[in-house]
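Structure file start-v3.cif (mmCIF, C-alpha atoms) follows.
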```cif
data_input
#
loop_
_atom_site.group_PDB
_atom_site.id
_atom_site.type_symbol
_atom_site.label_atom_id
_atom_site.label_comp_id
_atom_site.auth_asym_id
_atom_site.auth_seq_id
_atom_site.Cartn_x
_atom_site.Cartn_y
_atom_site.Cartn_z
ATOM 1 C CA MET A 95 26.222 -7.509 -7.286
ATOM 2 C CA LEU A 96 23.376 -5.008 -7.141
ATOM 3 C CA LEU A 97 20.397 -5.399 -4.863
ATOM 4 C CA ALA A 98 17.561 -6.766 -6.950
ATOM 5 C CA GLY A 99 14.629 -4.542 -7.764
ATOM 6 C CA LEU A 100 16.105 -1.107 -7.011
ATOM 7 C CA GLN A 101 13.902 1.477 -8.663
ATOM 8 C CA ALA A 102 13.822 5.163 -9.437
ATOM 9 C CA SER A 103 13.602 7.785 -6.736
ATOM 10 C CA ALA A 104 10.335 9.129 -5.351
ATOM 11 C CA GLN A 105 9.045 11.980 -3.259
ATOM 12 C CA VAL A 106 7.478 10.952 0.065
ATOM 13 C CA PRO A 107 4.228 12.765 0.942
ATOM 14 C CA ALA A 108 4.244 14.792 4.123
ATOM 15 C CA THR A 109 2.084 13.776 7.076
ATOM 16 C CA ASP A 110 1.958 14.441 10.782
ATOM 17 C CA SER A 111 4.101 11.785 12.523
ATOM 18 C CA SER A 112 3.591 13.009 16.086
ATOM 19 C CA ALA A 113 1.640 9.887 17.011
ATOM 20 C CA SER A 114 3.662 7.311 15.031
ATOM 21 C CA PRO A 115 3.974 3.834 16.620
ATOM 22 C CA LEU A 116 7.291 2.087 17.260
ATOM 23 C CA PRO A 117 9.386 2.275 14.054
ATOM 24 C CA LEU A 118 9.825 -1.238 12.677
ATOM 25 C CA PHE A 119 11.567 -2.519 9.553
ATOM 26 C CA SER A 120 10.511 -5.613 7.597
ATOM 27 C CA VAL A 121 13.478 -7.795 6.638
ATOM 28 C CA SER A 122 11.343 -10.673 5.334
ATOM 29 C CA ALA A 123 7.652 -11.391 4.882
ATOM 30 C CA GLU A 124 7.584 -12.831 8.408
ATOM 31 C CA CYS A 125 10.193 -10.855 10.340
ATOM 32 C CA ARG A 126 10.353 -7.253 11.523
ATOM 33 C CA VAL A 127 13.246 -5.692 13.409
ATOM 34 C CA ARG A 128 14.323 -2.511 15.128
ATOM 35 C CA PHE A 129 17.811 -1.145 14.589
ATOM 36 C CA ALA A 130 20.368 -0.504 17.310
ATOM 37 C CA PRO A 131 20.671 3.208 18.169
ATOM 38 C CA GLY A 132 24.226 3.414 16.794
ATOM 39 C CA ASN A 133 27.104 1.418 15.332
ATOM 40 C CA LEU A 134 28.738 -1.223 17.493
ATOM 41 C CA GLN A 135 31.799 -0.086 19.482
ATOM 42 C CA TYR A 136 34.364 -1.851 21.713
ATOM 43 C CA GLN A 137 36.785 -0.584 24.380
ATOM 44 C CA PRO A 138 39.910 -2.801 24.535
ATOM 45 C CA SER A 139 41.072 -1.688 27.995
ATOM 46 C CA THR A 140 37.799 -2.677 29.703
ATOM 47 C CA GLN A 141 36.575 -5.309 27.212
ATOM 48 C CA LEU A 142 33.225 -3.540 27.103
ATOM 49 C CA TRP A 143 30.815 -3.247 24.185
ATOM 50 C CA ARG A 144 28.343 -0.471 23.531
ATOM 51 C CA PHE A 145 26.326 1.242 20.829
ATOM 52 C CA ALA A 146 27.693 4.549 19.586
ATOM 53 C CA PRO A 147 26.264 7.508 21.529
ATOM 54 C CA SER A 148 24.648 8.769 18.319
ATOM 55 C CA GLN A 149 23.738 7.300 14.943
ATOM 56 C CA ILE A 150 26.070 9.747 13.234
ATOM 57 C CA GLU A 151 29.231 8.844 15.157
ATOM 58 C CA THR A 152 32.117 7.012 13.510
ATOM 59 C CA LEU A 153 35.602 6.634 14.964
ATOM 60 C CA GLY A 154 37.797 5.997 11.962
ATOM 61 C CA TRP A 155 41.066 4.173 12.425
ATOM 62 C CA GLN A 156 44.611 4.931 13.488
ATOM 63 C CA GLU A 157 47.464 2.516 14.146
ATOM 64 C CA LYS A 158 47.712 3.529 17.815
ATOM 65 C CA TYR A 159 44.331 1.893 18.447
ATOM 66 C CA SER A 160 45.747 -1.573 17.880
ATOM 67 C CA TYR A 161 47.221 -2.201 21.319
ATOM 68 C CA PRO A 162 45.052 -4.169 23.823
ATOM 69 C CA ARG A 163 45.028 -1.577 26.628
ATOM 70 C CA TYR A 164 43.713 1.243 24.470
ATOM 71 C CA ARG A 165 41.229 3.243 26.551
ATOM 72 C CA GLY A 166 39.263 4.686 23.672
ATOM 73 C CA TRP A 167 36.675 2.925 21.538
ATOM 74 C CA ILE A 168 36.979 1.165 18.182
ATOM 75 C CA ASP A 169 34.266 0.447 15.612
ATOM 76 C CA LEU A 170 35.875 -1.361 12.654
ATOM 77 C CA PHE A 171 35.858 -5.144 13.121
ATOM 78 C CA GLY A 172 37.114 -8.167 11.263
ATOM 79 C CA TYR A 173 34.377 -10.582 10.216
ATOM 80 C CA GLY A 174 32.415 -12.101 13.099
ATOM 81 C CA THR A 175 34.882 -11.008 15.780
ATOM 82 C CA ALA A 176 32.514 -11.091 18.756
ATOM 83 C CA LEU A 177 35.071 -13.135 20.697
ATOM 84 C CA GLN A 178 38.189 -11.450 19.273
ATOM 85 C CA PRO A 179 37.281 -7.803 18.613
ATOM 86 C CA THR A 180 40.932 -6.691 18.489
ATOM 87 C CA ASN A 181 42.024 -9.314 15.969
ATOM 88 C CA TYR A 182 43.952 -7.270 13.414
ATOM 89 C CA SER A 183 45.496 -10.171 11.509
ATOM 90 C CA VAL A 184 45.488 -9.797 7.738
ATOM 91 C CA SER A 185 44.989 -13.568 7.342
ATOM 92 C CA SER A 186 41.335 -14.332 6.603
ATOM 93 C CA ALA A 187 41.899 -17.920 7.755
ATOM 94 C CA GLU A 188 41.890 -16.613 11.341
ATOM 95 C CA TYR A 189 38.293 -15.336 11.125
ATOM 96 C CA GLU A 190 35.210 -17.474 11.707
ATOM 97 C CA PHE A 191 31.809 -15.868 12.075
ATOM 98 C CA VAL A 192 30.561 -15.405 15.632
ATOM 99 C CA ASP A 193 27.636 -12.985 15.665
ATOM 100 C CA TRP A 194 28.456 -9.917 17.742
ATOM 101 C CA GLY A 195 24.905 -9.744 19.056
ATOM 102 C CA LEU A 196 25.016 -13.234 20.560
ATOM 103 C CA PHE A 197 28.127 -12.764 22.700
ATOM 104 C CA CYS A 198 28.374 -9.055 23.450
ATOM 105 C CA ALA A 199 26.835 -7.809 26.680
ATOM 106 C CA LEU A 200 24.442 -5.217 25.252
ATOM 107 C CA PRO A 201 21.149 -3.808 26.556
ATOM 108 C CA THR A 202 18.324 -5.838 25.029
ATOM 109 C CA GLY A 203 15.357 -3.549 25.700
ATOM 110 C CA GLY A 204 12.841 -6.393 25.681
ATOM 111 C CA GLY A 205 14.816 -9.538 26.314
ATOM 112 C CA LYS A 206 15.540 -10.530 22.707
ATOM 113 C CA GLN A 207 19.102 -10.812 21.519
ATOM 114 C CA TRP A 208 20.704 -8.470 19.029
ATOM 115 C CA ARG A 209 21.986 -9.958 15.769
ATOM 116 C CA THR A 210 23.451 -9.181 12.344
ATOM 117 C CA LEU A 211 21.243 -9.062 9.241
ATOM 118 C CA THR A 212 21.860 -11.511 6.384
ATOM 119 C CA THR A 213 22.243 -10.409 2.776
ATOM 120 C CA ALA A 214 18.779 -11.816 2.009
ATOM 121 C CA GLU A 215 17.333 -9.616 4.750
ATOM 122 C CA TRP A 216 19.150 -6.514 3.520
ATOM 123 C CA THR A 217 17.890 -7.210 0.003
ATOM 124 C CA TYR A 218 14.312 -7.574 1.221
ATOM 125 C CA LEU A 219 14.564 -4.395 3.305
ATOM 126 C CA LEU A 220 15.932 -2.270 0.459
ATOM 127 C CA SER A 221 14.138 -3.696 -2.563
ATOM 128 C CA ARG A 222 11.321 -6.125 -1.704
ATOM 129 C CA ARG A 223 9.309 -4.892 1.268
ATOM 130 C CA PRO A 224 6.183 -2.919 0.356
ATOM 131 C CA HIS A 225 7.088 0.528 -1.018
ATOM 132 C CA ALA A 226 10.793 -0.307 -0.571
ATOM 133 C CA ARG A 227 11.992 2.332 -3.059
ATOM 134 C CA ARG A 228 10.340 5.037 -0.951
ATOM 135 C CA LEU A 229 11.851 3.856 2.316
ATOM 136 C CA TYR A 230 15.538 4.661 2.029
ATOM 137 C CA ALA A 231 17.568 7.677 0.972
ATOM 138 C CA LEU A 232 21.180 8.716 0.453
ATOM 139 C CA ALA A 233 21.957 11.804 2.501
ATOM 140 C CA TYR A 234 24.379 14.041 4.320
ATOM 141 C CA VAL A 235 23.506 14.323 8.014
ATOM 142 C CA CYS A 236 25.444 16.934 9.975
ATOM 143 C CA GLY A 237 28.062 16.800 7.214
ATOM 144 C CA GLN A 238 28.341 12.987 7.402
ATOM 145 C CA TYR A 239 27.464 10.969 4.286
ATOM 146 C CA GLY A 240 25.395 7.819 4.707
ATOM 147 C CA LEU A 241 22.203 5.844 4.188
ATOM 148 C CA ILE A 242 18.890 6.784 5.807
ATOM 149 C CA LEU A 243 16.522 3.862 6.381
ATOM 150 C CA LEU A 244 12.829 4.580 6.907
ATOM 151 C CA PRO A 245 10.434 2.320 8.863
ATOM 152 C CA ASP A 246 7.518 0.427 7.333
ATOM 153 C CA ASN A 247 5.027 2.917 8.759
ATOM 154 C CA TRP A 248 7.020 5.970 7.683
ATOM 155 C CA GLN A 249 5.311 9.322 7.812
ATOM 156 C CA ARG A 250 7.491 12.221 6.744
ATOM 157 C CA PRO A 251 7.339 15.109 9.219
ATOM 158 C CA LYS A 252 5.904 18.328 7.872
ATOM 159 C CA GLY A 253 8.539 20.742 6.651
ATOM 160 C CA ILE A 254 11.121 17.994 6.013
ATOM 161 C CA TYR A 255 11.707 17.061 2.373
ATOM 162 C CA MET A 256 13.461 13.947 1.107
ATOM 163 C CA ARG A 257 14.255 12.379 -2.241
ATOM 164 C CA THR A 258 14.270 8.615 -1.831
ATOM 165 C CA GLY A 259 15.764 5.692 -3.738
ATOM 166 C CA PRO A 260 19.134 5.404 -5.545
ATOM 167 C CA LYS A 261 20.582 8.607 -6.919
ATOM 168 C CA GLU A 262 23.641 10.816 -6.958
ATOM 169 C CA GLU A 263 24.902 12.214 -3.695
ATOM 170 C CA GLY A 264 24.097 15.676 -2.435
ATOM 171 C CA THR A 265 20.310 15.719 -2.844
ATOM 172 C CA ASN A 266 19.352 15.291 0.818
ATOM 173 C CA VAL A 267 21.225 17.471 3.309
ATOM 174 C CA TYR A 268 20.140 17.767 6.953
ATOM 175 C CA ASN A 269 21.582 19.778 9.809
ATOM 176 C CA GLU A 270 21.396 18.626 13.429
ATOM 177 C CA GLU A 271 17.998 20.214 14.043
ATOM 178 C CA ARG A 272 16.374 18.585 11.029
ATOM 179 C CA TRP A 273 18.023 15.232 11.712
ATOM 180 C CA LYS A 274 16.584 15.205 15.239
ATOM 181 C CA VAL A 275 13.128 15.599 13.724
ATOM 182 C CA LEU A 276 13.747 12.725 11.306
ATOM 183 C CA GLU A 277 15.202 10.516 14.031
ATOM 184 C CA ALA A 278 12.219 11.187 16.298
ATOM 185 C CA ALA A 279 9.977 10.057 13.427
ATOM 186 C CA GLY A 280 11.838 6.718 13.252
ATOM 187 C CA ALA A 281 14.577 7.285 10.659
ATOM 188 C CA VAL A 282 17.785 5.248 11.003
ATOM 189 C CA PHE A 283 21.150 6.518 9.755
ATOM 190 C CA LEU A 284 24.066 4.311 8.679
ATOM 191 C CA PRO A 285 27.127 6.588 8.433
ATOM 192 C CA ALA A 286 29.944 6.047 5.952
ATOM 193 C CA GLU A 287 33.421 5.214 7.239
ATOM 194 C CA VAL A 288 36.853 4.067 6.076
ATOM 195 C CA ARG A 289 37.725 0.373 6.096
ATOM 196 C CA ARG A 290 40.594 -1.141 8.069
ATOM 197 C CA VAL A 291 43.188 -3.584 6.738
ATOM 198 C CA GLY A 292 45.502 -4.793 9.493
ATOM 199 C CA THR A 293 46.274 -1.673 11.511
ATOM 200 C CA GLU A 294 45.914 0.740 8.616
ATOM 201 C CA SER A 295 42.900 2.511 7.160
ATOM 202 C CA GLN A 296 42.141 2.355 3.451
ATOM 203 C CA GLY A 297 39.836 4.382 1.270
ATOM 204 C CA SER A 298 37.864 7.441 2.278
ATOM 205 C CA ALA A 299 34.768 7.871 4.393
ATOM 206 C CA SER A 300 32.600 8.264 1.301
ATOM 207 C CA ALA A 301 31.039 4.782 1.387
ATOM 208 C CA CYS A 302 29.079 2.776 3.953
ATOM 209 C CA ARG A 303 30.463 -0.716 4.546
ATOM 210 C CA TYR A 304 28.504 -2.943 6.937
ATOM 211 C CA TRP A 305 29.124 -6.631 7.553
ATOM 212 C CA THR A 306 26.262 -9.073 7.010
ATOM 213 C CA ALA A 307 25.858 -12.522 8.567
ATOM 214 C CA THR A 308 26.397 -14.161 5.174
ATOM 215 C CA THR A 309 29.662 -15.689 4.020
ATOM 216 C CA ASN A 310 30.710 -15.789 0.376
ATOM 217 C CA PRO A 311 29.612 -19.249 -0.859
ATOM 218 C CA LYS A 312 32.180 -19.099 -3.662
ATOM 219 C CA ASN A 313 35.150 -18.012 -1.547
ATOM 220 C CA HIS A 314 35.451 -19.111 2.083
ATOM 221 C CA ALA A 315 38.115 -16.468 2.741
ATOM 222 C CA GLU A 316 35.566 -13.720 2.100
ATOM 223 C CA ALA A 317 32.207 -12.585 3.464
ATOM 224 C CA LEU A 318 29.449 -10.377 2.122
ATOM 225 C CA TYR A 319 28.735 -6.839 3.222
ATOM 226 C CA LEU A 320 26.361 -3.993 2.449
ATOM 227 C CA MET A 321 28.088 -1.172 0.614
ATOM 228 C CA VAL A 322 26.531 2.213 -0.116
ATOM 229 C CA ASP A 323 28.631 4.443 -2.333
ATOM 230 C CA PRO A 324 27.504 7.865 -3.558
ATOM 231 C CA TYR A 325 24.973 6.234 -5.883
ATOM 232 C CA LEU A 326 23.166 3.158 -4.550
ATOM 233 C CA PRO A 327 23.255 0.216 -2.097
ATOM 234 C CA GLN A 328 25.041 -2.953 -3.232
ATOM 235 C CA ILE A 329 26.020 -6.323 -1.802
ATOM 236 C CA LYS A 330 29.753 -6.901 -2.173
ATOM 237 C CA SER A 331 32.394 -9.343 -0.967
ATOM 238 C CA ALA A 332 35.530 -8.613 1.063
ATOM 239 C CA PRO A 333 38.271 -10.594 2.825
ATOM 240 C CA ARG A 334 37.196 -11.562 6.339
ATOM 241 C CA ALA A 335 40.276 -9.784 7.687
ATOM 242 C CA HIS A 336 38.995 -6.365 6.626
ATOM 243 C CA GLY A 337 37.643 -4.166 9.400
ATOM 244 C CA LEU A 338 34.158 -2.866 8.592
ATOM 245 C CA SER A 339 31.277 -1.273 10.498
ATOM 246 C CA VAL A 340 28.579 -3.275 12.316
ATOM 247 C CA ARG A 341 24.950 -2.269 12.970
ATOM 248 C CA LEU A 342 22.854 -4.816 14.843
ATOM 249 C CA VAL A 343 19.104 -5.410 14.891
ATOM 250 C CA GLN A 344 16.626 -6.941 17.305
ATOM 251 C CA GLU A 345 13.633 -8.984 16.171
ATOM 252 C CA VAL A 346 10.185 -7.793 17.193
ATOM 253 C CA ASP A 347 7.100 -9.976 17.670
ATOM 254 C CA ASN A 348 4.620 -9.770 14.815
ATOM 255 C CA ASN A 349 1.529 -8.889 16.801
#
```

Using the file provided, produce a representation of the structure as structure tokens.
Amino acid sequence: MLLAGLQASAQVPATDSSASPLPLFSVSAECRVRFAPGNLQYQPSTQLWRFAPSQIETLGWQEKYSYPRYRGWIDLFGYGTALQPTNYSVSSAEYEFVDWGLFCALPTGGGKQWRTLTTAEWTYLLSRRPHARRLYALAYVCGQYGLILLPDNWQRPKGIYMRTGPKEEGTNVYNEERWKVLEAAGAVFLPAEVRRVGTESQGSASACRYWTATTNPKNHAEALYLMVDPYLPQIKSAPRAHGLSVRLVQEVDNN
């Protein structure tokens, strides 16, 4: 199922973004959000949650991570596992959606709770907000493939070039120095990662897979997620037992 309204790529004009306001992203005609500064992570040994130290970081998956006293961090979660982050069962019947943002102790930075975007919100962000086709790009950042999201008020920094919209991989390549400039201008990066099934990883880290807050209305054992392969963003369905990445958002007042 492709996101409706995806259009051809475009070149974003360069402007000086040194005085840009807070980067916000419209996910409906009435709602704007800011993205968490990294993917969601959990430490089993301390039962602590955090955002990844950088937007680029992914942890992958190895079987040794599956025991409850593991002192490292994990970042691939079964569907809605805010209360059971180390549930590695392959039975989708054991997964009911509990939004990670509502039950994880995370810094709010303004008092509002973090939450997971719905498929309708992802669709609006990527294909229906004003100038949507100019406000996302497929890219390699520090060697990591993923999706760059650009805020509503995006102003491309001088000297940084970007081809936006759906296209083949390899067009946009940024080293650490150039990514820091983009990030300072408000760009968000969703890195690709493997998916987890039980205690094993499947596939390669060549596609982004991020849970949404929307279940599959035609199959209760599955839920919908945002997938970005080397060509374009799509909404797809997967068993709730699969471990995918999570990036939360926080609503911002429209004033």

Worksheet item: Got a sec: who's within 10 Å of Ser185 (chain A), counting only C-alpha atoms, leaving out chain neighbours fewer than 4 positions off, as a PyMOL selection string?
Response: chain A and resi 189+292+315+333-336

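The space separating CA of Ala332 (chain A) from CA of Pro311 (chain A) comes to 12.3 Å.
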
Discussion item. I need the output of the PyMOL selection byres ((chain A and resi 254) around 8) for this file as an MDAnalysis selection string; which residues are they?
Written reply: chainID A and resid 108 250:253 255:256 272 276

Fill in: Hits of the PyMOL selection byres ((chain A and resi 223-237) around 8) in this structure, as a PyMOL selection string
chain A and resi 100-106+120-123+150+218-222+238-246+248+256-261+263-270+273+324-326

Using C-alpha atoms, can you write the selected residues to a file as a compact mmCIF listing (two decimals), in the coordinates of the input?
```txt
# COMPACT_ATOMS: atom_id res chain seq x y z
CA LEU A 100 16.10 -1.11 -7.01
CA GLN A 101 13.90 1.48 -8.66
CA ALA A 102 13.82 5.16 -9.44
CA SER A 103 13.60 7.78 -6.74
CA ALA A 104 10.34 9.13 -5.35
CA GLN A 105 9.04 11.98 -3.26
CA VAL A 106 7.48 10.95 0.06
CA SER A 120 10.51 -5.61 7.60
CA VAL A 121 13.48 -7.80 6.64
CA SER A 122 11.34 -10.67 5.33
CA ALA A 123 7.65 -11.39 4.88
CA ILE A 150 26.07 9.75 13.23
CA TYR A 218 14.31 -7.57 1.22
CA LEU A 219 14.56 -4.39 3.30
CA LEU A 220 15.93 -2.27 0.46
CA SER A 221 14.14 -3.70 -2.56
CA ARG A 222 11.32 -6.12 -1.70
CA GLN A 238 28.34 12.99 7.40
CA TYR A 239 27.46 10.97 4.29
CA GLY A 240 25.40 7.82 4.71
CA LEU A 241 22.20 5.84 4.19
CA ILE A 242 18.89 6.78 5.81
CA LEU A 243 16.52 3.86 6.38
CA LEU A 244 12.83 4.58 6.91
CA PRO A 245 10.43 2.32 8.86
CA ASP A 246 7.52 0.43 7.33
CA TRP A 248 7.02 5.97 7.68
CA MET A 256 13.46 13.95 1.11
CA ARG A 257 14.26 12.38 -2.24
CA THR A 258 14.27 8.62 -1.83
CA GLY A 259 15.76 5.69 -3.74
CA PRO A 260 19.13 5.40 -5.54
CA LYS A 261 20.58 8.61 -6.92
CA GLU A 263 24.90 12.21 -3.70
CA GLY A 264 24.10 15.68 -2.44
CA THR A 265 20.31 15.72 -2.84
CA ASN A 266 19.35 15.29 0.82
CA VAL A 267 21.22 17.47 3.31
CA TYR A 268 20.14 17.77 6.95
CA ASN A 269 21.58 19.78 9.81
CA GLU A 270 21.40 18.63 13.43
CA TRP A 273 18.02 15.23 11.71
CA PRO A 324 27.50 7.86 -3.56
CA TYR A 325 24.97 6.23 -5.88
CA LEU A 326 23.17 3.16 -4.55
```

Fill in: Closest of A:Gly337, A:Pro285, A:Gly174, A:Pro327 to Thr308 (chain A) - atom-to-atom distances counting only C-alpha atoms
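Closest to Thr308 (chain A) of all the choices is A:Gly174.
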
Fill in: Residue nearest Asn247 (chain A) - candidates A:Phe119, A:Tyr161, A:Trp305, A:Tyr319, atoms counted: all atoms listed in the file
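Using all atoms listed in the file, the shortest distance to Asn247 (chain A) belongs to A:Phe119.
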
Worksheet item: Interatomic distance between CA of Asn133 (chain A) and CA of Ala187 (chain A)?
Response: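 The value is 25.5 Å.
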